[in-house]
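S.K.: Here you go, this is run.cif (mmCIF, C-alpha atoms).
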data_data
loop_
_atom_site.label_atom_id
_atom_site.label_comp_id
_atom_site.auth_asym_id
_atom_site.auth_seq_id
_atom_site.Cartn_x
_atom_site.Cartn_y
_atom_site.Cartn_z
CA MET A 1 11.23 -71.69 -1.11
CA ILE A 2 7.67 -71.12 0.17
CA ARG A 3 7.05 -67.99 2.19
CA PHE A 4 4.02 -67.45 4.40
CA LEU A 5 3.11 -63.79 4.73
CA TRP A 6 1.14 -62.41 7.63
CA LEU A 7 -0.07 -59.00 8.71
CA PRO A 8 -0.21 -57.85 12.33
CA CYS A 9 -3.58 -57.54 14.03
CA VAL A 10 -4.58 -54.15 15.35
CA ALA A 11 -7.09 -55.44 17.90
CA SER A 12 -8.02 -58.76 19.42
CA ALA A 13 -11.45 -58.57 17.79
CA LEU A 14 -9.72 -58.70 14.39
CA CYS A 15 -7.52 -61.65 15.34
CA ALA A 16 -9.87 -64.56 15.05
CA THR A 17 -8.20 -67.55 13.44
CA GLU A 18 -10.66 -70.13 14.69
CA ILE A 19 -10.37 -73.89 15.14
CA SER A 20 -13.16 -76.42 15.43
CA THR A 21 -13.86 -80.05 14.63
CA GLY A 22 -16.37 -81.75 12.39
CA ALA A 23 -17.85 -83.47 15.42
CA MET A 24 -18.56 -80.05 16.97
CA LEU A 25 -19.97 -78.56 13.77
CA GLY A 26 -22.24 -81.52 13.04
CA GLY A 27 -24.28 -82.01 9.89
CA HIS A 28 -22.26 -82.83 6.79
CA TYR A 29 -18.87 -82.16 8.39
CA ASP A 30 -16.31 -84.96 8.76
CA PRO A 31 -16.29 -85.87 12.48
CA HIS A 32 -12.66 -87.00 12.30
CA ALA A 33 -11.36 -83.73 10.85
CA PHE A 34 -10.34 -80.26 12.01
CA TYR A 35 -11.90 -77.16 10.48
CA THR A 36 -10.84 -73.53 10.52
CA ARG A 37 -12.03 -70.08 9.47
CA ASN A 38 -10.57 -66.59 9.64
CA ALA A 39 -13.59 -64.66 10.94
CA PRO A 40 -16.99 -65.36 12.49
CA GLY A 41 -19.58 -65.91 9.79
CA GLU A 42 -17.13 -67.27 7.24
CA ASN A 43 -17.55 -70.81 5.95
CA TRP A 44 -15.63 -73.51 7.75
CA GLN A 45 -12.95 -75.24 5.73
CA LYS A 46 -10.73 -78.17 6.56
CA THR A 47 -7.22 -77.32 7.72
CA TYR A 48 -4.52 -77.34 5.02
CA ASN A 49 -7.20 -76.37 2.50
CA SER A 50 -5.17 -74.34 -0.01
CA PRO A 51 -3.12 -75.07 -3.15
CA LEU A 52 0.03 -75.05 -0.99
CA TYR A 53 -0.93 -78.32 0.63
CA ARG A 54 -1.43 -81.91 -0.45
CA ARG A 55 -5.03 -83.00 -0.56
CA ASP A 56 -4.55 -85.83 1.93
CA ALA A 57 -3.38 -83.30 4.55
CA GLN A 58 -6.80 -81.66 4.72
CA GLY A 59 -8.48 -81.87 8.10
CA LYS A 60 -5.28 -82.70 9.98
CA ILE A 61 -2.94 -80.77 12.29
CA MET A 62 0.78 -81.48 12.43
CA ASN A 63 2.22 -80.07 15.63
CA LEU A 64 5.26 -79.59 17.86
CA ARG A 65 5.32 -79.98 21.61
CA LEU A 66 6.97 -76.81 22.93
CA ALA A 67 5.74 -77.21 26.48
CA GLN A 68 8.31 -74.77 27.87
CA ALA A 69 7.33 -71.82 25.65
CA LEU A 70 6.02 -69.87 28.68
CA PHE A 71 8.36 -71.46 31.23
CA HIS A 72 9.46 -69.73 34.43
CA ASP A 73 10.81 -71.75 37.36
CA GLU A 74 10.61 -69.33 40.27
CA TRP A 75 12.98 -71.45 42.38
CA MET A 76 15.75 -72.02 39.83
CA ARG A 77 18.72 -69.70 40.40
CA GLU A 78 21.60 -71.91 39.25
CA GLN A 79 21.51 -70.64 35.66
CA PRO A 80 20.38 -67.28 34.22
CA PHE A 81 17.02 -67.47 32.49
CA ASP A 82 14.83 -64.79 30.92
CA PRO A 83 11.24 -66.07 30.50
CA ASP A 84 10.28 -63.23 28.14
CA ARG A 85 13.25 -63.91 25.88
CA ASN A 86 12.38 -67.61 25.93
CA THR A 87 8.86 -66.89 24.64
CA GLN A 88 10.22 -64.51 22.02
CA SER A 89 12.55 -67.28 20.81
CA VAL A 90 9.51 -69.47 20.20
CA ILE A 91 7.78 -66.66 18.30
CA GLN A 92 10.86 -66.14 16.15
CA ALA A 93 10.75 -69.83 15.16
CA LEU A 94 7.07 -69.89 14.14
CA ASP A 95 7.62 -68.90 10.52
CA LEU A 96 10.09 -71.74 10.04
CA TYR A 97 7.62 -74.20 11.55
CA LYS A 98 4.78 -72.93 9.37
CA ARG A 99 7.04 -73.08 6.31
CA HIS A 100 7.46 -76.80 7.03
CA GLY A 101 3.73 -77.45 7.35
CA VAL A 102 3.45 -77.33 11.15
CA LEU A 103 0.13 -75.70 12.11
CA MET A 104 0.19 -75.98 15.90
CA ILE A 105 2.48 -75.80 18.91
CA ASN A 106 1.66 -77.44 22.24
CA VAL A 107 2.24 -75.15 25.22
CA SER A 108 1.88 -75.71 28.97
CA LEU A 109 0.69 -73.37 31.73
CA GLN A 110 2.57 -75.47 34.29
CA GLY A 111 5.65 -76.36 32.29
CA ALA A 112 6.88 -79.90 31.76
CA HIS A 113 9.87 -82.00 32.74
CA ALA A 114 12.75 -79.55 32.25
CA GLY A 115 15.46 -82.21 32.19
CA TYR A 116 17.40 -80.70 35.04
CA ASP A 117 20.62 -82.68 35.26
CA LYS A 118 23.86 -81.74 37.03
CA ALA A 119 25.96 -83.30 34.27
CA VAL A 120 23.97 -81.77 31.38
CA ASN A 121 22.99 -78.28 32.51
CA GLY A 122 24.49 -77.92 35.97
CA ILE A 123 21.13 -77.96 37.76
CA ASP A 124 20.45 -80.55 40.44
CA ARG A 125 16.66 -80.38 40.81
CA GLU A 126 13.63 -82.60 40.32
CA ASN A 127 10.46 -81.72 38.47
CA ALA A 128 8.13 -81.51 41.48
CA PHE A 129 6.86 -78.63 43.56
CA ARG A 130 6.43 -80.87 46.59
CA LEU A 131 10.22 -81.15 47.01
CA GLY A 132 10.53 -77.48 47.96
CA PRO A 133 12.79 -74.57 46.92
CA ASP A 134 16.09 -76.43 47.30
CA LYS A 135 15.34 -79.54 45.25
CA GLY A 136 12.05 -78.95 43.41
CA ALA A 137 10.57 -76.64 40.77
CA ALA A 138 7.89 -73.95 40.92
CA VAL A 139 6.45 -73.60 37.42
CA SER A 140 2.88 -72.37 37.11
CA ALA A 141 0.76 -69.67 35.52
CA PHE A 142 -1.58 -70.01 38.52
CA ARG A 143 -1.27 -68.78 42.06
CA ALA A 144 -2.21 -71.06 44.93
CA ASP A 145 -5.78 -69.75 44.96
CA GLY A 146 -6.27 -70.30 41.20
CA THR A 147 -5.80 -66.69 40.11
CA LEU A 148 -3.56 -65.90 37.14
CA LYS A 149 -0.01 -64.54 37.22
CA SER A 150 0.38 -61.41 35.12
CA GLY A 151 3.82 -62.31 33.74
CA TRP A 152 2.60 -65.63 32.42
CA MET A 153 -0.49 -64.02 30.91
CA ALA A 154 1.61 -61.38 29.15
CA ARG A 155 3.77 -64.07 27.56
CA LEU A 156 0.73 -66.16 26.68
CA GLU A 157 -0.97 -63.19 25.01
CA GLN A 158 2.12 -62.46 22.92
CA LEU A 159 2.37 -66.08 21.83
CA LEU A 160 -1.33 -66.45 21.04
CA ARG A 161 -1.34 -63.27 18.98
CA ALA A 162 1.76 -64.37 17.09
CA THR A 163 0.27 -67.74 16.20
CA ASP A 164 -3.09 -66.19 15.39
CA GLU A 165 -1.48 -63.73 12.99
CA ARG A 166 0.15 -66.63 11.15
CA GLY A 167 -3.00 -68.74 10.96
CA MET A 168 -1.55 -71.20 13.45
CA PHE A 169 -3.02 -72.87 16.53
CA VAL A 170 -1.98 -73.57 20.11
CA ASN A 171 -2.76 -76.70 22.09
CA LEU A 172 -2.90 -75.12 25.54
CA MET A 173 -2.28 -77.47 28.45
CA TYR A 174 -3.85 -76.21 31.69
CA PHE A 175 -2.55 -78.60 34.36
CA TYR A 176 0.63 -80.65 34.65
CA GLN A 177 1.45 -83.39 37.14
CA GLY A 178 4.16 -82.41 39.57
CA GLN A 179 2.91 -78.83 39.73
CA ASP A 180 -0.77 -79.26 40.64
CA GLU A 181 0.26 -79.44 44.31
CA GLN A 182 0.86 -75.69 44.12
CA PHE A 183 -2.89 -75.20 44.54
CA GLN A 184 -4.06 -74.64 48.09
CA SER A 185 -7.20 -76.75 47.63
CA THR A 186 -9.18 -78.75 45.09
CA GLN A 187 -11.55 -75.81 44.75
CA ALA A 188 -8.59 -73.69 43.62
CA ILE A 189 -8.05 -76.16 40.75
CA HIS A 190 -11.58 -75.48 39.51
CA LYS A 191 -11.09 -71.73 39.92
CA ALA A 192 -7.87 -71.90 37.91
CA ALA A 193 -9.68 -73.66 35.04
CA TRP A 194 -12.48 -71.07 35.13
CA ASN A 195 -10.07 -68.13 35.30
CA ILE A 196 -7.87 -69.11 32.38
CA THR A 197 -10.87 -70.01 30.22
CA ASP A 198 -12.54 -66.69 31.02
CA TRP A 199 -9.28 -64.93 30.16
CA LEU A 200 -9.17 -66.63 26.75
CA ILE A 201 -12.77 -65.62 26.08
CA ALA A 202 -12.21 -62.03 27.21
CA HIS A 203 -9.32 -61.76 24.75
CA ASN A 204 -11.31 -63.44 21.96
CA PHE A 205 -8.69 -66.09 21.27
CA ARG A 206 -10.19 -68.77 19.07
CA ASN A 207 -7.09 -70.55 17.76
CA ILE A 208 -6.77 -72.90 20.73
CA ILE A 209 -7.33 -76.56 21.49
CA VAL A 210 -7.63 -76.97 25.25
CA ASP A 211 -5.89 -79.86 26.99
CA VAL A 212 -7.36 -79.64 30.50
CA ALA A 213 -4.75 -81.98 31.99
CA ASN A 214 -1.55 -83.20 30.36
CA GLU A 215 -1.41 -87.00 30.72
CA TYR A 216 -4.40 -86.94 33.03
CA ASP A 217 -4.26 -90.71 33.53
CA LEU A 218 -0.67 -91.11 34.69
CA PRO A 219 -0.60 -93.85 37.35
CA GLY A 220 1.00 -93.51 40.75
CA PRO A 221 1.44 -90.42 42.93
CA GLN A 222 2.20 -87.83 40.22
CA TRP A 223 -1.17 -86.07 40.60
CA ASP A 224 -1.67 -84.45 43.99
CA PHE A 225 -4.73 -84.24 46.26
CA LYS A 226 -5.02 -88.03 46.08
CA GLY A 227 -5.33 -87.99 42.29
CA TYR A 228 -8.05 -85.35 42.27
CA ILE A 229 -7.61 -84.17 38.66
CA PRO A 230 -7.70 -87.67 37.08
CA GLN A 231 -10.73 -88.59 39.17
CA ASN A 232 -12.55 -85.40 38.21
CA ILE A 233 -11.43 -84.92 34.62
CA ILE A 234 -14.94 -85.10 33.16
CA PRO A 235 -16.42 -82.46 35.51
CA LEU A 236 -13.43 -80.21 34.79
CA ILE A 237 -13.95 -80.60 31.03
CA ASP A 238 -17.66 -79.86 31.41
CA GLU A 239 -16.95 -76.77 33.50
CA VAL A 240 -14.47 -75.41 30.96
CA ARG A 241 -17.01 -75.92 28.17
CA ASP A 242 -19.72 -74.27 30.26
CA ARG A 243 -17.71 -71.01 30.40
CA PHE A 244 -18.37 -70.55 26.67
CA LYS A 245 -22.17 -70.51 27.00
CA HIS A 246 -22.48 -66.78 26.30
CA SER A 247 -19.27 -66.20 24.33
CA GLY A 248 -20.51 -66.84 20.79
CA TYR A 249 -17.96 -69.58 20.21
CA VAL A 250 -16.46 -72.62 21.87
CA LEU A 251 -12.99 -74.09 21.71
CA PRO A 252 -12.28 -77.80 21.18
CA ILE A 253 -11.67 -79.31 24.61
CA GLY A 254 -9.98 -82.54 25.61
CA ALA A 255 -7.47 -84.14 27.96
CA SER A 256 -4.36 -85.99 26.85
CA SER A 257 -3.57 -89.58 27.73
CA ASP A 258 -0.21 -90.82 28.85
CA GLY A 259 1.90 -93.03 26.59
CA ARG A 260 -0.38 -96.02 27.04
CA MET A 261 -2.89 -94.29 24.72
CA ARG A 262 -5.83 -95.38 26.87
CA TYR A 263 -9.06 -93.43 26.49
CA PRO A 264 -12.11 -94.82 28.30
CA GLN A 265 -15.50 -94.73 26.60
CA SER A 266 -16.83 -92.37 29.26
CA LEU A 267 -14.21 -89.78 28.31
CA GLN A 268 -14.47 -90.28 24.55
CA GLY A 269 -18.06 -89.06 24.67
CA GLN A 270 -17.19 -85.91 26.63
CA VAL A 271 -14.25 -84.54 24.66
CA ASP A 272 -14.23 -82.71 21.33
CA VAL A 273 -10.88 -84.20 20.34
CA VAL A 274 -9.08 -87.36 21.47
CA LEU A 275 -5.60 -86.20 22.52
CA VAL A 276 -3.03 -88.97 22.94
CA HIS A 277 0.64 -89.40 23.74
CA GLY A 278 2.48 -92.36 22.27
CA ASN A 279 5.74 -92.42 24.20
CA GLY A 280 7.49 -95.76 23.98
CA ARG A 281 4.76 -97.50 21.98
CA ASP A 282 5.58 -99.81 19.09
CA PRO A 283 4.33 -98.55 15.68
CA LYS A 284 2.05 -101.57 15.26
CA GLU A 285 0.51 -100.92 18.66
CA LYS A 286 -0.05 -97.28 17.75
CA ALA A 287 -1.74 -98.18 14.47
CA HIS A 288 -4.02 -100.64 16.24
CA ARG A 289 -4.94 -98.11 18.92
CA VAL A 290 -5.67 -95.40 16.33
CA ALA A 291 -8.14 -97.71 14.60
CA GLU A 292 -9.91 -98.31 17.90
CA LEU A 293 -10.02 -94.64 18.90
CA ARG A 294 -11.48 -93.53 15.56
CA GLU A 295 -14.68 -95.27 16.63
CA ALA A 296 -15.21 -92.32 18.99
CA MET A 297 -16.10 -90.20 15.91
CA ARG A 298 -13.73 -87.48 17.02
CA PRO A 299 -10.38 -86.33 15.60
CA VAL A 300 -7.58 -88.46 17.06
CA LEU A 301 -4.55 -86.22 17.52
CA MET A 302 -1.08 -87.14 18.76
CA THR A 303 0.35 -84.21 20.75
CA GLU A 304 3.46 -85.87 22.20
CA ASP A 305 5.58 -88.70 20.87
CA ASP A 306 8.86 -89.92 22.31
CA ASN A 307 10.42 -92.81 20.42
CA GLY A 308 13.80 -92.53 22.11
CA ARG A 309 15.40 -89.35 23.38
CA ALA A 310 18.91 -89.86 22.06
CA SER A 311 19.11 -88.35 18.56
CA THR A 312 20.20 -91.53 16.78
CA LEU A 313 19.22 -92.72 13.32
CA GLU A 314 17.36 -95.61 14.93
CA HIS A 315 15.18 -93.24 16.95
CA LEU A 316 14.71 -90.92 13.98
CA ASN A 317 13.34 -93.79 11.90
CA ALA A 318 10.96 -94.67 14.73
CA ASP A 319 9.76 -91.07 14.97
CA LEU A 320 9.15 -90.84 11.23
CA ALA A 321 7.29 -94.17 11.21
CA SER A 322 5.03 -92.90 13.98
CA CYS A 323 4.54 -89.64 12.12
CA ASP A 324 3.37 -91.54 9.04
CA ILE A 325 0.87 -93.59 11.04
CA PHE A 326 -0.80 -90.57 12.60
CA PHE A 327 -0.74 -88.56 9.37
CA HIS A 328 -2.33 -91.26 7.25
CA ARG A 329 -4.63 -92.92 9.82
CA ALA A 330 -5.51 -90.17 12.31
CA ALA A 331 -5.83 -86.37 12.50
CA GLY A 332 -2.16 -85.50 12.95
CA TRP A 333 1.07 -86.10 14.80
CA GLY A 334 2.99 -84.16 17.43
CA TYR A 335 6.76 -84.33 17.69
CA MET A 336 8.38 -83.77 21.08
CA PRO A 337 11.87 -82.29 20.52
CA TRP A 338 12.82 -83.26 24.07
CA VAL A 339 16.56 -82.71 24.08
CA GLN A 340 16.19 -79.64 21.88
CA ALA A 341 13.17 -77.66 23.09
CA GLN A 342 12.01 -79.23 26.36
CA ARG A 343 15.26 -79.92 28.25
CA PHE A 344 16.91 -76.86 29.77
CA PRO A 345 18.34 -74.78 28.10
CA PHE A 346 15.59 -74.72 25.49
CA ARG A 347 16.43 -74.41 21.78
CA TYR A 348 13.69 -73.79 19.24
CA LEU A 349 15.48 -73.42 15.89
CA PRO A 350 16.95 -76.52 14.22
CA ALA A 351 20.28 -76.80 12.48
CA THR A 352 20.72 -75.64 8.89
CA THR A 353 21.17 -79.26 7.82
CA SER A 354 18.90 -82.27 8.21
CA ALA A 355 21.67 -84.82 7.62
CA VAL A 356 21.69 -87.02 10.74
CA ARG A 357 24.70 -89.24 11.35
CA ASP A 358 25.39 -91.15 14.53
CA ASP A 359 29.01 -90.01 14.48
CA LEU A 360 28.11 -86.31 14.68
CA PRO A 361 28.78 -84.47 17.96
CA GLU A 362 25.67 -84.81 20.12
CA ASN A 363 24.71 -81.14 20.18
CA GLU A 364 25.03 -80.84 16.40
CA ARG A 365 23.22 -84.12 15.83
CA ASP A 366 20.30 -83.07 18.08
CA MET A 367 19.51 -80.02 15.97
CA ALA A 368 19.99 -81.81 12.64
CA TYR A 369 17.52 -84.41 13.95
CA PHE A 370 15.00 -81.63 14.64
CA HIS A 371 15.39 -80.36 11.07
CA ALA A 372 15.01 -83.87 9.65
CA VAL A 373 11.68 -84.28 11.43
CA LEU A 374 10.47 -80.91 10.12
CA ASP A 375 11.51 -81.87 6.60
CA HIS A 376 9.58 -85.12 6.86
CA ILE A 377 6.44 -83.26 7.99
CA ALA A 378 6.89 -80.83 5.09
CA GLY A 379 7.11 -83.73 2.64
CA LEU A 380 3.80 -85.12 3.89
CA VAL A 381 1.90 -81.84 4.02
CA LEU A 382 3.23 -79.53 1.31
CA ARG A 383 3.02 -79.90 -2.45
CA HIS A 384 6.42 -78.21 -2.73
CA PRO A 385 8.46 -78.60 0.48
CA PRO A 386 10.98 -75.85 1.23
CA GLN A 387 14.53 -76.28 0.04
CA GLU A 388 17.38 -76.77 2.49
CA ASP A 389 17.74 -73.07 3.21
CA GLY A 390 18.17 -73.21 6.98
CA PRO A 391 16.26 -71.26 9.63
#
Taking this structure as input, can you express it in the form of structure tokens?

M.R.:
Amino acid sequence: MIRFLWLPCVASALCATEISTGAMLGGHYDPHAFYTRNAPGENWQKTYNSPLYRRDAQGKIMNLRLAQALFHDEWMREQPFDPDRNTQSVIQALDLYKRHGVLMINVSLQGAHAGYDKAVNGIDRENAFRLGPDKGAAVSAFRADGTLKSGWMARLEQLLRATDERGMFVNLMYFYQGQDEQFQSTQAIHKAAWNITDWLIAHNFRNIIVDVANEYDLPGPQWDFKGYIPQNIIPLIDEVRDRFKHSGYVLPIGASSDGRMRYPQSLQGQVDVVLVHGNGRDPKEKAHRVAELREAMRPVLMTEDDNGRASTLEHLNADLASCDIFFHRAAGWGYMPWVQAQRFPFRYLPATTSAVRDDLPENERDMAYFHAVLDHIAGLVLRHPPQEDGP
């Protein structure tokens, strides 16, 4: 069994696991790859660059979408929920993830669809602030004027330090459809982006890939203010990057597509990393789209993939096929454990077994499915995957 040891940081200045891309570094660096270093001034090396890892993993990032890691719905009273304990549960699972070759978790500052369902979790609510306290959800690290909520920032700091200490990264999603209507104005959206970026800089966190807007191009009425964020995604990206002018470093910045995997040329030239979601896409379609997106000369990274939410063998095979495509042809794959870690109540540790059978009880099968995905990632990334030793 492989163990990853880490030592606690004593100050933020000493915690500086840093992420970049070849496109950002220029010169002789691979523009399709991710690079990392442990301190300013050190040489940049491709990710997974140690004897623990297979050579063909270098430059990639395998990741998990744990969008609810900082979650707090201020309107939900139907079930008890401790946001601090929730974040601590994620931190407690990090070593298991790292042991299976996962280098990054994807975390949202405005939550994600929490899967509220009267029959499943006894909560009859929708995932939209606009519906109000009785039927909607209020999930945001930002106040209406774009300032930051202290509770969210405390949880974020704990999580960023924990990942940093382990040499792991966080894909931090700023804005989420359904919750952007919490802002009192479009100017408050810009202020929120400035404030959180300045906070990251002030705390010297360098282990972050910024996703300015999760699924920025979702069609229909999901984005408020008449679709303001999708229409202004490039100015928002530029403003976030501009905050780093005097910081001595800059984080990779992008915006994730919805499941259609569309990424216009105008956006490809503005981002540091092409972030895509592949929900519901056929594997052949994904492979074709990856080949097209690589022409942007940026890392192409999947940060959310949903190939069927029921934890059946059929869906597992689809997930693993998608994983293989993005491992071998792009810069990494992101699994969304929807029924496990995104649907309330959130569960972050898999079962002790990875044997998935359709006749297993659903709750047991869900967590075995999670473990099976982690084992598959480990087989791709690690020279010697961990034995079946459980969490």

S.K.: Near A:Pro235, counting all atoms listed in the file, which residues have an atom at most 10 Å away, once you skip same-chain residues fewer than 6 positions from it, shown as a list in words?

M.R.: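 Using all atoms listed in the file, the neighbours found are His190, Ile229, Arg241 and Gln270 of chain A.
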
S.K.: What do you get, as a VMD selection string, if you spell out every residue that the PyMOL selection byres ((chain A and resi 193-210) around 8) selects here?

M.R.: chain A and resid 12 to 13 15 to 19 146 to 148 160 164 168 to 174 189 to 192 211 to 212 236 239 to 240 243 to 244 247 249 to 255

S.K.: Quick one: everything within 9 Å of stretch 356-366 of chain A, counting all atoms listed in the file, minus sequence neighbours fewer than 2 positions away in the same chain. Send it as JSON, numbers by chain.

M.R.: {"A": [310, 311, 312, 313, 316, 337, 339, 340, 350, 351, 353, 354, 368, 369, 370, 371, 372]}

S.K.: Run through the PyMOL selection byres ((chain A and resi 154) around 12) on the given coordinates and return the selected residues as a PDB file with C-alpha atoms, keeping the file's coordinate frame.

M.R.:
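Written file, out_4.pdb:
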ATOM      1  CA  LEU A  70       6.020 -69.870  28.680  1.00  0.00           C
ATOM      2  CA  PRO A  83      11.240 -66.070  30.500  1.00  0.00           C
ATOM      3  CA  ASP A  84      10.280 -63.230  28.140  1.00  0.00           C
ATOM      4  CA  THR A  87       8.860 -66.890  24.640  1.00  0.00           C
ATOM      5  CA  GLN A  88      10.220 -64.510  22.020  1.00  0.00           C
ATOM      6  CA  ALA A 141       0.760 -69.670  35.520  1.00  0.00           C
ATOM      7  CA  LEU A 148      -3.560 -65.900  37.140  1.00  0.00           C
ATOM      8  CA  LYS A 149      -0.010 -64.540  37.220  1.00  0.00           C
ATOM      9  CA  SER A 150       0.380 -61.410  35.120  1.00  0.00           C
ATOM     10  CA  GLY A 151       3.820 -62.310  33.740  1.00  0.00           C
ATOM     11  CA  TRP A 152       2.600 -65.630  32.420  1.00  0.00           C
ATOM     12  CA  MET A 153      -0.490 -64.020  30.910  1.00  0.00           C
ATOM     13  CA  ARG A 155       3.770 -64.070  27.560  1.00  0.00           C
ATOM     14  CA  LEU A 156       0.730 -66.160  26.680  1.00  0.00           C
ATOM     15  CA  GLU A 157      -0.970 -63.190  25.010  1.00  0.00           C
ATOM     16  CA  GLN A 158       2.120 -62.460  22.920  1.00  0.00           C
ATOM     17  CA  LEU A 159       2.370 -66.080  21.830  1.00  0.00           C
ATOM     18  CA  LEU A 160      -1.330 -66.450  21.040  1.00  0.00           C
ATOM     19  CA  ARG A 161      -1.340 -63.270  18.980  1.00  0.00           C
ATOM     20  CA  TRP A 199      -9.280 -64.930  30.160  1.00  0.00           C
ATOM     21  CA  HIS A 203      -9.320 -61.760  24.750  1.00  0.00           C
TER      22      HIS A 203
END

S.K.: Name the closest residue to A:Ala112 among the candidates A:Tyr48, A:Phe175, A:Trp75, A:Phe34; distances are taken between atoms, counting all atoms listed in the file.

M.R.: A:Phe175

S.K.: I'd like the residues picked by the PyMOL selection byres ((chain A and resi 78) around 9) written out as a tab-separated table (two decimals) with C-alpha atoms, in the frame of the given file, using the chain letters and numbers from the file.

M.R.:
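selection05.tsv was written with the following content:
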chain	number	residue	atom	x	y	z
A	76	MET	CA	15.75	-72.02	39.83
A	77	ARG	CA	18.72	-69.70	40.40
A	79	GLN	CA	21.51	-70.64	35.66
A	80	PRO	CA	20.38	-67.28	34.22
A	122	GLY	CA	24.49	-77.92	35.97
A	123	ILE	CA	21.13	-77.96	37.76
A	124	ASP	CA	20.45	-80.55	40.44

S.K.: Go ahead and compute the interatomic distance for atom CA of A:Lys98 and atom CA of A:Leu349, in Å to one decimal.

M.R.: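 Atom CA of A:Leu349 lies at a distance of 12.5 Å from atom CA of A:Lys98.
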